[in-house]
$ cat work_12.cif   # mmCIF, C-alpha atoms and all ligand atoms
data_coords
loop_
_atom_site.group_PDB
_atom_site.id
_atom_site.type_symbol
_atom_site.label_atom_id
_atom_site.label_comp_id
_atom_site.auth_asym_id
_atom_site.auth_seq_id
_atom_site.Cartn_x
_atom_site.Cartn_y
_atom_site.Cartn_z
ATOM 1 C CA MET A 1 34.211 -89.326 38.718
ATOM 2 C CA THR A 2 32.679 -86.445 36.833
ATOM 3 C CA VAL A 3 35.677 -84.310 37.706
ATOM 4 C CA ALA A 4 38.120 -86.982 36.462
ATOM 5 C CA LEU A 5 36.251 -87.296 33.120
ATOM 6 C CA LYS A 6 36.275 -83.537 32.744
ATOM 7 C CA LYS A 7 40.025 -83.511 33.371
ATOM 8 C CA ILE A 8 40.628 -86.128 30.663
ATOM 9 C CA ALA A 9 38.401 -84.227 28.254
ATOM 10 C CA ASN A 10 40.362 -81.032 28.883
ATOM 11 C CA ASP A 11 43.722 -82.749 28.438
ATOM 12 C CA THR A 12 42.750 -84.191 25.079
ATOM 13 C CA GLN A 13 41.355 -80.904 23.754
ATOM 14 C CA ALA A 14 43.301 -79.429 20.831
ATOM 15 C CA PRO A 15 45.159 -76.237 21.767
ATOM 16 C CA PRO A 16 43.149 -73.136 20.855
ATOM 17 C CA LYS A 17 43.755 -72.122 17.250
ATOM 18 C CA ALA A 18 45.424 -68.774 16.676
ATOM 19 C CA GLU A 19 42.945 -66.151 15.457
ATOM 20 C CA PRO A 20 43.308 -65.798 11.683
ATOM 21 C CA VAL A 21 45.064 -62.534 10.951
ATOM 22 C CA ARG A 22 42.682 -59.961 9.497
ATOM 23 C CA LYS A 23 44.172 -58.653 6.260
ATOM 24 C CA ILE A 24 44.140 -54.940 5.618
ATOM 25 C CA ALA A 25 42.964 -53.968 2.141
ATOM 26 C CA LEU A 26 43.305 -50.496 0.673
ATOM 27 C CA VAL A 27 41.048 -49.760 -2.307
ATOM 28 C CA THR A 28 41.569 -46.388 -3.955
ATOM 29 C CA GLY A 29 38.421 -44.681 -5.202
ATOM 30 C CA GLY A 30 36.281 -47.312 -3.521
ATOM 31 C CA THR A 31 33.125 -45.211 -3.435
ATOM 32 C CA GLY A 32 32.447 -45.633 -7.168
ATOM 33 C CA GLY A 33 30.578 -48.447 -8.902
ATOM 34 C CA ILE A 34 33.350 -51.030 -9.334
ATOM 35 C CA GLY A 35 35.110 -49.838 -6.162
ATOM 36 C CA SER A 36 32.021 -50.392 -3.998
ATOM 37 C CA ALA A 37 31.622 -53.958 -5.245
ATOM 38 C CA ILE A 38 35.320 -54.595 -4.561
ATOM 39 C CA CYS A 39 35.041 -53.165 -1.035
ATOM 40 C CA LYS A 40 32.025 -55.341 -0.282
ATOM 41 C CA LYS A 41 33.758 -58.449 -1.577
ATOM 42 C CA LEU A 42 36.885 -57.793 0.498
ATOM 43 C CA CYS A 43 34.716 -57.151 3.593
ATOM 44 C CA ASP A 44 32.919 -60.457 2.894
ATOM 45 C CA MET A 45 36.344 -62.104 2.768
ATOM 46 C CA GLY A 46 37.046 -60.841 6.286
ATOM 47 C CA CYS A 47 39.440 -58.030 5.378
ATOM 48 C CA LEU A 48 39.577 -54.685 7.093
ATOM 49 C CA VAL A 49 38.756 -52.456 4.126
ATOM 50 C CA ILE A 50 39.895 -48.874 3.774
ATOM 51 C CA THR A 51 39.099 -46.644 0.841
ATOM 52 C CA THR A 52 40.246 -43.197 -0.208
ATOM 53 C CA TYR A 53 38.041 -40.255 -1.033
ATOM 54 C CA ARG A 54 38.321 -36.709 -2.278
ATOM 55 C CA ASN A 55 34.727 -35.645 -1.699
ATOM 56 C CA GLU A 56 34.030 -35.949 2.036
ATOM 57 C CA GLU A 57 30.262 -35.527 1.808
ATOM 58 C CA LYS A 58 29.964 -38.253 -0.840
ATOM 59 C CA ALA A 59 32.280 -40.542 1.134
ATOM 60 C CA LYS A 60 30.353 -40.190 4.384
ATOM 61 C CA ALA A 61 27.041 -40.859 2.617
ATOM 62 C CA TRP A 62 28.596 -43.913 0.931
ATOM 63 C CA GLN A 63 29.964 -45.167 4.256
ATOM 64 C CA GLU A 64 26.513 -44.840 5.833
ATOM 65 C CA GLU A 65 24.929 -46.700 2.910
ATOM 66 C CA MET A 66 27.515 -49.485 3.297
ATOM 67 C CA ARG A 67 26.860 -49.654 7.054
ATOM 68 C CA GLN A 68 23.160 -50.122 6.425
ATOM 69 C CA MET A 69 24.071 -53.128 4.280
ATOM 70 C CA GLY A 70 26.175 -54.512 7.131
ATOM 71 C CA TYR A 71 29.621 -53.421 5.886
ATOM 72 C CA GLU A 72 32.098 -51.387 7.926
ATOM 73 C CA PRO A 73 34.640 -49.865 5.531
ATOM 74 C CA ILE A 74 36.921 -47.089 6.730
ATOM 75 C CA VAL A 75 37.283 -43.952 4.612
ATOM 76 C CA LYS A 76 40.411 -41.794 4.403
ATOM 77 C CA ALA A 77 40.871 -38.471 2.637
ATOM 78 C CA CYS A 78 43.525 -38.626 -0.059
ATOM 79 C CA ASP A 79 44.291 -37.107 -3.429
ATOM 80 C CA VAL A 80 45.862 -40.104 -5.159
ATOM 81 C CA SER A 81 47.353 -37.788 -7.813
ATOM 82 C CA ASP A 82 49.536 -36.255 -5.130
ATOM 83 C CA PHE A 83 52.463 -38.202 -3.683
ATOM 84 C CA ALA A 84 52.588 -36.330 -0.356
ATOM 85 C CA SER A 85 48.866 -36.908 0.177
ATOM 86 C CA CYS A 86 49.379 -40.665 -0.407
ATOM 87 C CA GLN A 87 52.327 -40.737 1.997
ATOM 88 C CA SER A 88 50.314 -39.207 4.813
ATOM 89 C CA MET A 89 47.258 -41.404 4.088
ATOM 90 C CA VAL A 90 49.343 -44.610 4.158
ATOM 91 C CA SER A 91 51.241 -43.626 7.300
ATOM 92 C CA LEU A 92 47.962 -42.825 9.103
ATOM 93 C CA ILE A 93 46.574 -46.242 8.119
ATOM 94 C CA GLU A 94 49.741 -48.021 9.287
ATOM 95 C CA GLN A 95 49.687 -46.133 12.552
ATOM 96 C CA ASP A 96 45.976 -46.709 13.251
ATOM 97 C CA TYR A 97 45.422 -50.213 11.840
ATOM 98 C CA GLY A 98 48.708 -51.807 10.718
ATOM 99 C CA PRO A 99 50.483 -52.607 7.462
ATOM 100 C CA ILE A 100 48.547 -52.880 4.218
ATOM 101 C CA ASN A 101 48.436 -56.420 2.765
ATOM 102 C CA ILE A 102 46.226 -55.845 -0.266
ATOM 103 C CA LEU A 103 46.231 -52.806 -2.529
ATOM 104 C CA VAL A 104 43.670 -52.277 -5.276
ATOM 105 C CA ASN A 105 44.548 -49.302 -7.479
ATOM 106 C CA ASN A 106 41.026 -48.564 -8.629
ATOM 107 C CA ALA A 107 40.732 -44.759 -8.627
ATOM 108 C CA GLY A 108 40.165 -43.393 -12.085
ATOM 109 C CA ILE A 109 38.415 -40.702 -14.093
ATOM 110 C CA THR A 110 37.540 -40.016 -17.720
ATOM 111 C CA LYS A 111 37.753 -36.709 -19.576
ATOM 112 C CA ASP A 112 36.747 -37.891 -23.008
ATOM 113 C CA SER A 113 37.410 -35.766 -26.066
ATOM 114 C CA THR A 114 38.652 -36.333 -29.575
ATOM 115 C CA PHE A 115 42.382 -35.674 -29.624
ATOM 116 C CA LYS A 116 42.174 -32.601 -31.840
ATOM 117 C CA LYS A 117 39.942 -30.941 -29.192
ATOM 118 C CA MET A 118 41.750 -32.282 -26.102
ATOM 119 C CA ASN A 119 43.455 -29.666 -23.949
ATOM 120 C CA VAL A 120 46.496 -30.087 -21.719
ATOM 121 C CA GLN A 121 44.367 -30.128 -18.571
ATOM 122 C CA GLN A 122 42.217 -33.028 -19.825
ATOM 123 C CA TRP A 123 45.387 -34.959 -20.657
ATOM 124 C CA ARG A 124 47.104 -34.223 -17.346
ATOM 125 C CA ASP A 125 44.080 -34.830 -15.122
ATOM 126 C CA VAL A 126 43.548 -38.285 -16.585
ATOM 127 C CA MET A 127 47.246 -39.209 -16.523
ATOM 128 C CA THR A 128 47.762 -38.091 -12.927
ATOM 129 C CA CYS A 129 44.572 -39.572 -11.492
ATOM 130 C CA ASN A 130 44.752 -42.877 -13.391
ATOM 131 C CA LEU A 131 48.485 -43.532 -13.768
ATOM 132 C CA ASP A 132 50.590 -41.330 -11.460
ATOM 133 C CA SER A 133 48.302 -42.550 -8.682
ATOM 134 C CA VAL A 134 49.490 -46.114 -9.255
ATOM 135 C CA PHE A 135 53.073 -45.025 -8.631
ATOM 136 C CA ASN A 136 52.089 -42.809 -5.702
ATOM 137 C CA VAL A 137 50.106 -45.349 -3.696
ATOM 138 C CA THR A 138 52.070 -48.479 -4.595
ATOM 139 C CA ARG A 139 55.372 -46.756 -3.792
ATOM 140 C CA CYS A 140 54.067 -45.951 -0.301
ATOM 141 C CA VAL A 141 53.022 -49.550 0.502
ATOM 142 C CA ILE A 142 55.548 -51.718 -1.329
ATOM 143 C CA GLU A 143 58.417 -51.487 1.159
ATOM 144 C CA SER A 144 56.266 -52.747 3.993
ATOM 145 C CA MET A 145 54.972 -55.592 1.784
ATOM 146 C CA LEU A 146 58.587 -56.489 0.907
ATOM 147 C CA ASP A 147 59.611 -56.454 4.566
ATOM 148 C CA ARG A 148 56.711 -58.730 5.482
ATOM 149 C CA GLY A 149 57.126 -61.069 2.495
ATOM 150 C CA TYR A 150 53.499 -60.861 1.413
ATOM 151 C CA GLY A 151 51.343 -58.614 -0.743
ATOM 152 C CA ARG A 152 48.666 -58.448 -3.384
ATOM 153 C CA VAL A 153 48.654 -55.472 -5.753
ATOM 154 C CA ILE A 154 45.827 -55.293 -8.283
ATOM 155 C CA ASN A 155 45.527 -52.545 -10.873
ATOM 156 C CA ILE A 156 42.136 -51.845 -12.404
ATOM 157 C CA SER A 157 42.797 -50.980 -16.031
ATOM 158 C CA SER A 158 40.305 -51.104 -18.929
ATOM 159 C CA ILE A 159 39.377 -52.790 -22.183
ATOM 160 C CA ASN A 160 40.199 -49.406 -23.728
ATOM 161 C CA ALA A 161 43.853 -49.862 -22.773
ATOM 162 C CA GLN A 162 43.890 -53.021 -24.867
ATOM 163 C CA LYS A 163 41.924 -51.887 -27.903
ATOM 164 C CA GLY A 164 42.038 -48.052 -27.753
ATOM 165 C CA GLN A 165 38.830 -46.019 -27.826
ATOM 166 C CA PHE A 166 37.716 -43.146 -30.011
ATOM 167 C CA GLY A 167 37.718 -40.063 -27.758
ATOM 168 C CA GLN A 168 40.036 -41.548 -25.114
ATOM 169 C CA THR A 169 43.673 -40.996 -26.082
ATOM 170 C CA ASN A 170 44.329 -39.837 -22.515
ATOM 171 C CA TYR A 171 42.457 -42.659 -20.778
ATOM 172 C CA SER A 172 43.672 -45.411 -23.129
ATOM 173 C CA ALA A 173 47.299 -44.259 -22.656
ATOM 174 C CA ALA A 174 47.022 -44.098 -18.857
ATOM 175 C CA LYS A 175 45.259 -47.452 -18.573
ATOM 176 C CA ALA A 176 47.756 -49.137 -20.909
ATOM 177 C CA GLY A 177 50.539 -47.666 -18.754
ATOM 178 C CA MET A 178 49.055 -49.438 -15.745
ATOM 179 C CA HIS A 179 49.648 -52.839 -17.255
ATOM 180 C CA GLY A 180 53.237 -51.975 -18.225
ATOM 181 C CA PHE A 181 53.722 -51.038 -14.577
ATOM 182 C CA THR A 182 52.133 -54.331 -13.473
ATOM 183 C CA LYS A 183 54.498 -56.418 -15.606
ATOM 184 C CA ALA A 184 57.649 -54.594 -14.498
ATOM 185 C CA LEU A 185 56.830 -54.502 -10.776
ATOM 186 C CA ALA A 186 55.643 -58.120 -10.812
ATOM 187 C CA GLN A 187 59.170 -59.165 -11.801
ATOM 188 C CA GLU A 188 60.818 -57.056 -9.122
ATOM 189 C CA VAL A 189 58.765 -58.391 -6.209
ATOM 190 C CA ALA A 190 57.931 -61.955 -7.298
ATOM 191 C CA ARG A 191 60.430 -63.582 -4.958
ATOM 192 C CA LYS A 192 59.061 -61.743 -1.941
ATOM 193 C CA GLY A 193 55.568 -63.229 -1.898
ATOM 194 C CA ILE A 194 53.994 -60.269 -3.660
ATOM 195 C CA THR A 195 51.858 -60.653 -6.766
ATOM 196 C CA VAL A 196 50.995 -57.761 -9.067
ATOM 197 C CA ASN A 197 48.182 -58.157 -11.575
ATOM 198 C CA THR A 198 45.907 -56.130 -13.809
ATOM 199 C CA ILE A 199 42.178 -56.505 -14.325
ATOM 200 C CA SER A 200 40.808 -54.988 -17.532
ATOM 201 C CA PRO A 201 37.062 -54.501 -17.217
ATOM 202 C CA GLY A 202 34.997 -53.845 -20.295
ATOM 203 C CA TYR A 203 31.920 -51.633 -20.165
ATOM 204 C CA ILE A 204 30.418 -52.105 -16.699
ATOM 205 C CA ALA A 205 27.101 -50.627 -15.532
ATOM 206 C CA THR A 206 28.504 -47.757 -13.458
ATOM 207 C CA ASP A 207 28.010 -43.976 -13.398
ATOM 208 C CA MET A 208 31.149 -43.600 -15.532
ATOM 209 C CA VAL A 209 29.696 -45.649 -18.366
ATOM 210 C CA MET A 210 26.199 -44.187 -17.908
ATOM 211 C CA ALA A 211 27.770 -40.741 -18.488
ATOM 212 C CA VAL A 212 28.568 -41.743 -22.081
ATOM 213 C CA PRO A 213 25.900 -40.261 -24.386
ATOM 214 C CA GLU A 214 23.045 -42.743 -24.745
ATOM 215 C CA ASP A 215 23.349 -43.214 -28.515
ATOM 216 C CA VAL A 216 27.121 -43.826 -28.239
ATOM 217 C CA ARG A 217 26.557 -46.211 -25.313
ATOM 218 C CA ASN A 218 23.918 -48.197 -27.163
ATOM 219 C CA ASN A 219 26.308 -48.569 -30.086
ATOM 220 C CA ILE A 220 28.942 -49.899 -27.696
ATOM 221 C CA ILE A 221 26.534 -52.390 -26.084
ATOM 222 C CA ALA A 222 25.657 -53.648 -29.565
ATOM 223 C CA GLN A 223 29.346 -54.607 -29.945
ATOM 224 C CA ILE A 224 29.420 -56.742 -26.784
ATOM 225 C CA PRO A 225 28.878 -60.411 -27.712
ATOM 226 C CA VAL A 226 27.370 -61.194 -24.294
ATOM 227 C CA GLY A 227 24.744 -58.555 -25.163
ATOM 228 C CA ARG A 228 24.827 -56.475 -21.986
ATOM 229 C CA LEU A 229 26.976 -54.279 -19.784
ATOM 230 C CA GLY A 230 29.019 -56.048 -17.131
ATOM 231 C CA LYS A 231 28.136 -55.954 -13.444
ATOM 232 C CA PRO A 232 30.523 -54.486 -10.840
ATOM 233 C CA GLU A 233 30.229 -57.776 -8.902
ATOM 234 C CA GLU A 234 31.735 -59.573 -11.894
ATOM 235 C CA ILE A 235 34.921 -57.543 -11.398
ATOM 236 C CA ALA A 236 34.878 -58.049 -7.629
ATOM 237 C CA HIS A 237 34.736 -61.782 -8.275
ATOM 238 C CA ILE A 238 38.161 -61.581 -10.005
ATOM 239 C CA ILE A 239 39.537 -59.677 -7.013
ATOM 240 C CA GLU A 240 38.495 -62.547 -4.750
ATOM 241 C CA PHE A 241 40.322 -64.961 -7.042
ATOM 242 C CA LEU A 242 43.536 -62.899 -7.244
ATOM 243 C CA VAL A 243 43.642 -62.162 -3.534
ATOM 244 C CA SER A 244 43.287 -65.823 -2.625
ATOM 245 C CA ASP A 245 46.366 -67.537 -1.179
ATOM 246 C CA SER A 246 45.989 -70.141 -3.937
ATOM 247 C CA SER A 247 46.726 -67.472 -6.584
ATOM 248 C CA GLY A 248 50.374 -67.001 -5.607
ATOM 249 C CA PHE A 249 51.581 -68.286 -9.001
ATOM 250 C CA ILE A 250 49.547 -65.704 -10.935
ATOM 251 C CA THR A 251 51.565 -62.535 -11.338
ATOM 252 C CA GLY A 252 52.108 -60.004 -14.120
ATOM 253 C CA SER A 253 48.819 -61.150 -15.646
ATOM 254 C CA ASN A 254 46.055 -59.153 -17.218
ATOM 255 C CA ILE A 255 42.610 -60.622 -16.673
ATOM 256 C CA ALA A 256 40.032 -59.263 -19.101
ATOM 257 C CA ALA A 257 36.312 -59.244 -18.270
ATOM 258 C CA ASN A 258 34.561 -57.570 -21.170
ATOM 259 C CA GLY A 259 31.737 -59.823 -22.354
ATOM 260 C CA GLY A 260 33.795 -60.814 -25.387
ATOM 261 C CA GLN A 261 34.063 -57.254 -26.744
ATOM 262 C CA HIS A 262 37.823 -57.573 -27.133
ATOM 263 C CA MET A 263 39.823 -60.799 -27.300
ATOM 264 C CA ASP A 264 43.577 -61.111 -27.587
HETATM 265 N N1 LIG B 301 34.584 -44.028 -34.651
HETATM 266 C C1 LIG B 301 34.712 -43.204 -35.716
HETATM 267 N N2 LIG B 301 34.190 -41.995 -35.794
HETATM 268 C C2 LIG B 301 33.469 -41.574 -34.751
HETATM 269 C C3 LIG B 301 33.284 -42.350 -33.608
HETATM 270 C C4 LIG B 301 33.872 -43.634 -33.590
HETATM 271 N N3 LIG B 301 33.741 -44.468 -32.533
HETATM 272 N N4 LIG B 301 32.546 -41.661 -32.723
HETATM 273 C C5 LIG B 301 32.293 -40.468 -33.281
HETATM 274 N N5 LIG B 301 32.837 -40.426 -34.520
HETATM 275 C C6 LIG B 301 32.789 -39.312 -35.469
HETATM 276 C C7 LIG B 301 31.398 -38.724 -35.581
HETATM 277 O O1 LIG B 301 30.625 -39.439 -36.511
HETATM 278 C C8 LIG B 301 31.716 -37.310 -36.062
HETATM 279 O O2 LIG B 301 32.072 -37.374 -37.417
HETATM 280 P P1 LIG B 301 31.789 -36.114 -38.396
HETATM 281 O O3 LIG B 301 32.571 -34.956 -37.822
HETATM 282 O O4 LIG B 301 32.299 -36.575 -39.737
HETATM 283 O O5 LIG B 301 30.312 -35.916 -38.365
HETATM 284 C C9 LIG B 301 32.977 -37.005 -35.287
HETATM 285 O O6 LIG B 301 33.594 -38.258 -34.953
HETATM 286 C C10 LIG B 301 32.656 -36.286 -33.988
HETATM 287 O O7 LIG B 301 33.831 -35.742 -33.527
HETATM 288 P P2 LIG B 301 33.801 -34.700 -32.335
HETATM 289 O O8 LIG B 301 35.204 -34.328 -32.018
HETATM 290 O O9 LIG B 301 32.843 -33.585 -32.643
HETATM 291 O O10 LIG B 301 33.249 -35.603 -31.186
HETATM 292 P P3 LIG B 301 32.100 -35.293 -30.165
HETATM 293 O O11 LIG B 301 32.430 -34.033 -29.463
HETATM 294 O O12 LIG B 301 30.798 -35.449 -30.801
HETATM 295 O O13 LIG B 301 32.218 -36.500 -29.096
HETATM 296 C C11 LIG B 301 33.277 -38.158 -27.776
HETATM 297 C C12 LIG B 301 33.335 -37.322 -29.051
HETATM 298 C C13 LIG B 301 33.202 -37.247 -26.535
HETATM 299 C C14 LIG B 301 34.538 -38.939 -27.668
HETATM 300 C C15 LIG B 301 32.037 -39.063 -27.824
HETATM 301 O O14 LIG B 301 32.082 -39.793 -29.021
HETATM 302 C C16 LIG B 301 32.022 -40.045 -26.687
HETATM 303 O O15 LIG B 301 31.640 -39.740 -25.564
HETATM 304 N N6 LIG B 301 32.428 -41.315 -26.936
HETATM 305 C C17 LIG B 301 32.462 -42.350 -25.935
HETATM 306 C C18 LIG B 301 33.857 -42.570 -25.474
HETATM 307 C C19 LIG B 301 33.847 -43.741 -24.557
HETATM 308 O O16 LIG B 301 33.611 -44.883 -24.935
HETATM 309 N N7 LIG B 301 34.142 -43.511 -23.292
HETATM 310 C C20 LIG B 301 34.148 -44.563 -22.351
HETATM 311 C C21 LIG B 301 33.795 -44.012 -21.013
HETATM 312 S S1 LIG B 301 33.564 -45.305 -19.810
HETATM 313 C C22 LIG B 301 35.087 -45.892 -19.562
HETATM 314 O O17 LIG B 301 36.068 -45.391 -20.020
HETATM 315 C C23 LIG B 301 35.169 -47.099 -18.665
HETATM 316 C C24 LIG B 301 35.966 -48.139 -19.300
HETATM 317 O O18 LIG B 301 37.084 -48.374 -18.875
HETATM 318 C C25 LIG B 301 35.399 -48.948 -20.372
#

$ encode --input "work_12.cif" --output "structure tokens"
Amino acid sequence: MTVALKKIANDTQAPPKAEPVRKIALVTGGTGGIGSAICKKLCDMGCLVITTYRNEEKAKAWQEEMRQMGYEPIVKACDVSDFASCQSMVSLIEQDYGPINILVNNAGITKDSTFKKMNVQQWRDVMTCNLDSVFNVTRCVIESMLDRGYGRVINISSINAQKGQFGQTNYSAAKAGMHGFTKALAQEVARKGITVNTISPGYIATDMVMAVPEDVRNNIIAQIPVGRLGKPEEIAHIIEFLVSDSSGFITGSNIAANGGQHMD
């Protein structure tokens, strides 16, 4: 009798559900303030998260710190300013883990200077790290996203792309270029299940913003209606929204998170 009941129970059981596919997310420059929050959020969402680094010692220490918090991101050496370096980084990831589903172009630097004092190196370093990198990494992942009919590309720009910033002709130009890229690529890949969007953070409490001289920084904070710097987690929250399967109709957009400092 027991056996017969067991048999019926087994027959009426729903077939085992297929394991949800673990998405692979590549976050460039993930060891920084905003990048770390993005990596944690994507890990929390169940993604396999990989980030790029240039400084091995810093990256290993960051990875250990993340592990102690219960996160297991993978780190890969890459100079995002260099196309060949991006090609080998992406092909290693594909070979070891599989195709990349989510790309967050987050790597960026500042070399602030008034324009009359800016030298060619300060211009080039910021353009290559912040803007060429977007071409370099996206170009290496887009064909696989097109083949698979799915992708999320998110470019981390800046409020200073939208409004300009004294002392940042290089950075403002590069970050504004990112959103032009977003809008053009979004049109090219829209029919293939790939969305491309920009996030424009305002002044967020990270090392980059803390490097601004204190008096200048305090002046900036005084111009933020919300009355404080943003938190990296507030940017990661937008990533969660854009990566969601329910956000497939949002593409070519620029989502600003700047405490009301710039509205357009
Ligand atoms: N508007 C108008 N004039 C300004 C000014 C401003 N915002 N800031 C400075 N000036 C004036 C000064 O009063 C001074 O005038 P005088 O010569 O008449 O006295 C002059 O400009 C100073 O010019 P210098 O070329 O000598 O500038 P400096 O060497 O003192 O420093 C700077 C210039 C490096 C750009 C400095 O102002 C600075 O660090 N500014 C902050 C730039 C900034 O916001 N960076 C953001 C970094 S974080 C980030 O980028 C993340 C993100 O996405 C938001």

$ closest_atom_pairs --input "work_12.cif" --of "chain A" --to "ligand LIG 301 (chain B)" --cutoff "8 Å" --atoms "all atoms listed in the file" --output "tab-separated table"
residue	atom	partner	partner_atom	distance
A:Ile109	CA	B:LIG301	O17	7.9
A:Thr110	CA	B:LIG301	O17	6.0
A:Asp112	CA	B:LIG301	C13	5.0
A:Ser113	CA	B:LIG301	C13	4.5
A:Thr114	CA	B:LIG301	O8	4.7
A:Phe115	CA	B:LIG301	O8	7.7
A:Lys116	CA	B:LIG301	O8	7.2
A:Lys117	CA	B:LIG301	O8	6.5
A:Ser157	CA	B:LIG301	O18	6.9
A:Ser158	CA	B:LIG301	O18	4.2
A:Ile159	CA	B:LIG301	C25	5.8
A:Asn160	CA	B:LIG301	O18	5.9
A:Ala161	CA	B:LIG301	O18	8.0
A:Gln165	CA	B:LIG301	O16	6.1
A:Phe166	CA	B:LIG301	N3	4.9
A:Gly167	CA	B:LIG301	C14	3.4
A:Gln168	CA	B:LIG301	C18	6.3
A:Tyr171	CA	B:LIG301	O17	7.0
A:Ser200	CA	B:LIG301	O18	7.7
A:Pro201	CA	B:LIG301	O18	6.3
A:Gly202	CA	B:LIG301	C25	4.9
A:Tyr203	CA	B:LIG301	C25	4.4
A:Ile204	CA	B:LIG301	C25	6.9
A:Met208	CA	B:LIG301	S1	5.2
A:Val209	CA	B:LIG301	S1	4.1
A:Met210	CA	B:LIG301	S1	7.7
A:Ala211	CA	B:LIG301	C21	7.3
A:Val212	CA	B:LIG301	O15	5.1
A:Pro213	CA	B:LIG301	O15	5.9
A:Val216	CA	B:LIG301	C17	6.0
A:Arg217	CA	B:LIG301	C17	7.1
A:Ile220	CA	B:LIG301	O16	7.4

$ closest_residue --input "work_12.cif" --among "A:Gln187, A:Ile24, A:Thr128, A:Glu72" --to "A:Glu94" --atoms "all atoms listed in the file"
A:Ile24

$ axis_aligned_box --input "work_12.cif" --around "stretch 194-207 of chain A" --padding-each-side "8 Å" --output "AutoDock Vina command-line options"
--center_x 40.5 --center_y -52.3 --center_z -12.0 --size_x 42.9 --size_y 32.7 --size_z 32.6

$ closest_residue --input "work_12.cif" --among "A:Gln68, A:Gln87, A:Asn254, A:Ser246" --to "A:Cys140" --atoms "all atoms listed in the file"
A:Gln87

$ closest_residue --input "work_12.cif" --among "A:Glu56, A:Asp207, A:Asp147, A:Asp96" --to "A:Ala77" --atoms "all atoms listed in the file"
A:Glu56

$ closest_residue --input "work_12.cif" --among "A:Val90, A:Val75, A:Ile255, A:Ala222" --to "A:Ala61" --atoms "only C-alpha atoms"
A:Val75

$ atom_distance --input "work_12.cif" --atom1 "atom CA of A:Cys86" --atom2 "atom CA of A:Ser133"
8.6 Å

$ resolve_selection --input "work_12.cif" --expression "the PyMOL selection byres (((chain A and resi 131) around 12) and not hetatm)" --output "PyMOL selection string"
chain A and resi 80-82+105-109+123-130+132-138+155-157+161+170-182

$ resolve_selection --input "work_12.cif" --expression "the PyMOL selection byres (((chain A and resi 224-232) around 7) and not hetatm)" --output "list in words"
Gly33, Ile34, Ala37, Tyr203, Ile204, Ala205, Ile220, Ile221, Ala222, Gln223, Glu233, Glu234, Ile235, Ala236, Gly259, Gly260 and Gln261 of chain A

$ residues_around --input "work_12.cif" --residues "A:Cys43" --least-positions-apart "5" --cutoff "8 Å" --atoms "only C-alpha atoms" --output "PyMOL selection string"
chain A and resi 48-49+71-73

$ build_atoms --input "work_12.cif" --residues "stretch 203-215 of chain A" --atoms "N, CA and C atoms" --output "compact mmCIF listing (two decimals), in the coordinates of the input"
# COMPACT_ATOMS: atom_id res chain seq x y z
N TYR A 203 32.93 -52.63 -20.54
CA TYR A 203 31.92 -51.63 -20.16
C TYR A 203 31.03 -52.22 -19.07
N ILE A 204 31.13 -51.62 -17.89
CA ILE A 204 30.42 -52.10 -16.70
C ILE A 204 29.33 -51.07 -16.36
N ALA A 205 28.21 -51.54 -15.85
CA ALA A 205 27.10 -50.63 -15.53
C ALA A 205 27.43 -49.78 -14.31
N THR A 206 28.13 -48.69 -14.53
CA THR A 206 28.50 -47.76 -13.46
C THR A 206 28.17 -46.34 -13.94
N ASP A 207 28.28 -45.38 -13.02
CA ASP A 207 28.01 -43.98 -13.40
C ASP A 207 28.94 -43.53 -14.52
N MET A 208 30.19 -44.02 -14.51
CA MET A 208 31.15 -43.60 -15.53
C MET A 208 30.67 -43.98 -16.93
N VAL A 209 30.17 -45.18 -17.05
CA VAL A 209 29.70 -45.65 -18.37
C VAL A 209 28.34 -45.00 -18.69
N MET A 210 27.51 -44.80 -17.66
CA MET A 210 26.20 -44.19 -17.91
C MET A 210 26.36 -42.72 -18.32
N ALA A 211 27.54 -42.13 -18.07
CA ALA A 211 27.77 -40.74 -18.49
C ALA A 211 28.07 -40.63 -19.99
N VAL A 212 28.34 -41.76 -20.63
CA VAL A 212 28.57 -41.74 -22.08
C VAL A 212 27.22 -41.45 -22.75
N PRO A 213 27.19 -40.57 -23.75
CA PRO A 213 25.90 -40.26 -24.39
C PRO A 213 25.16 -41.54 -24.80
N GLU A 214 23.84 -41.52 -24.61
CA GLU A 214 23.04 -42.74 -24.74
C GLU A 214 23.23 -43.42 -26.11
N ASP A 215 23.23 -42.61 -27.18
CA ASP A 215 23.35 -43.21 -28.52
C ASP A 215 24.71 -43.90 -28.68
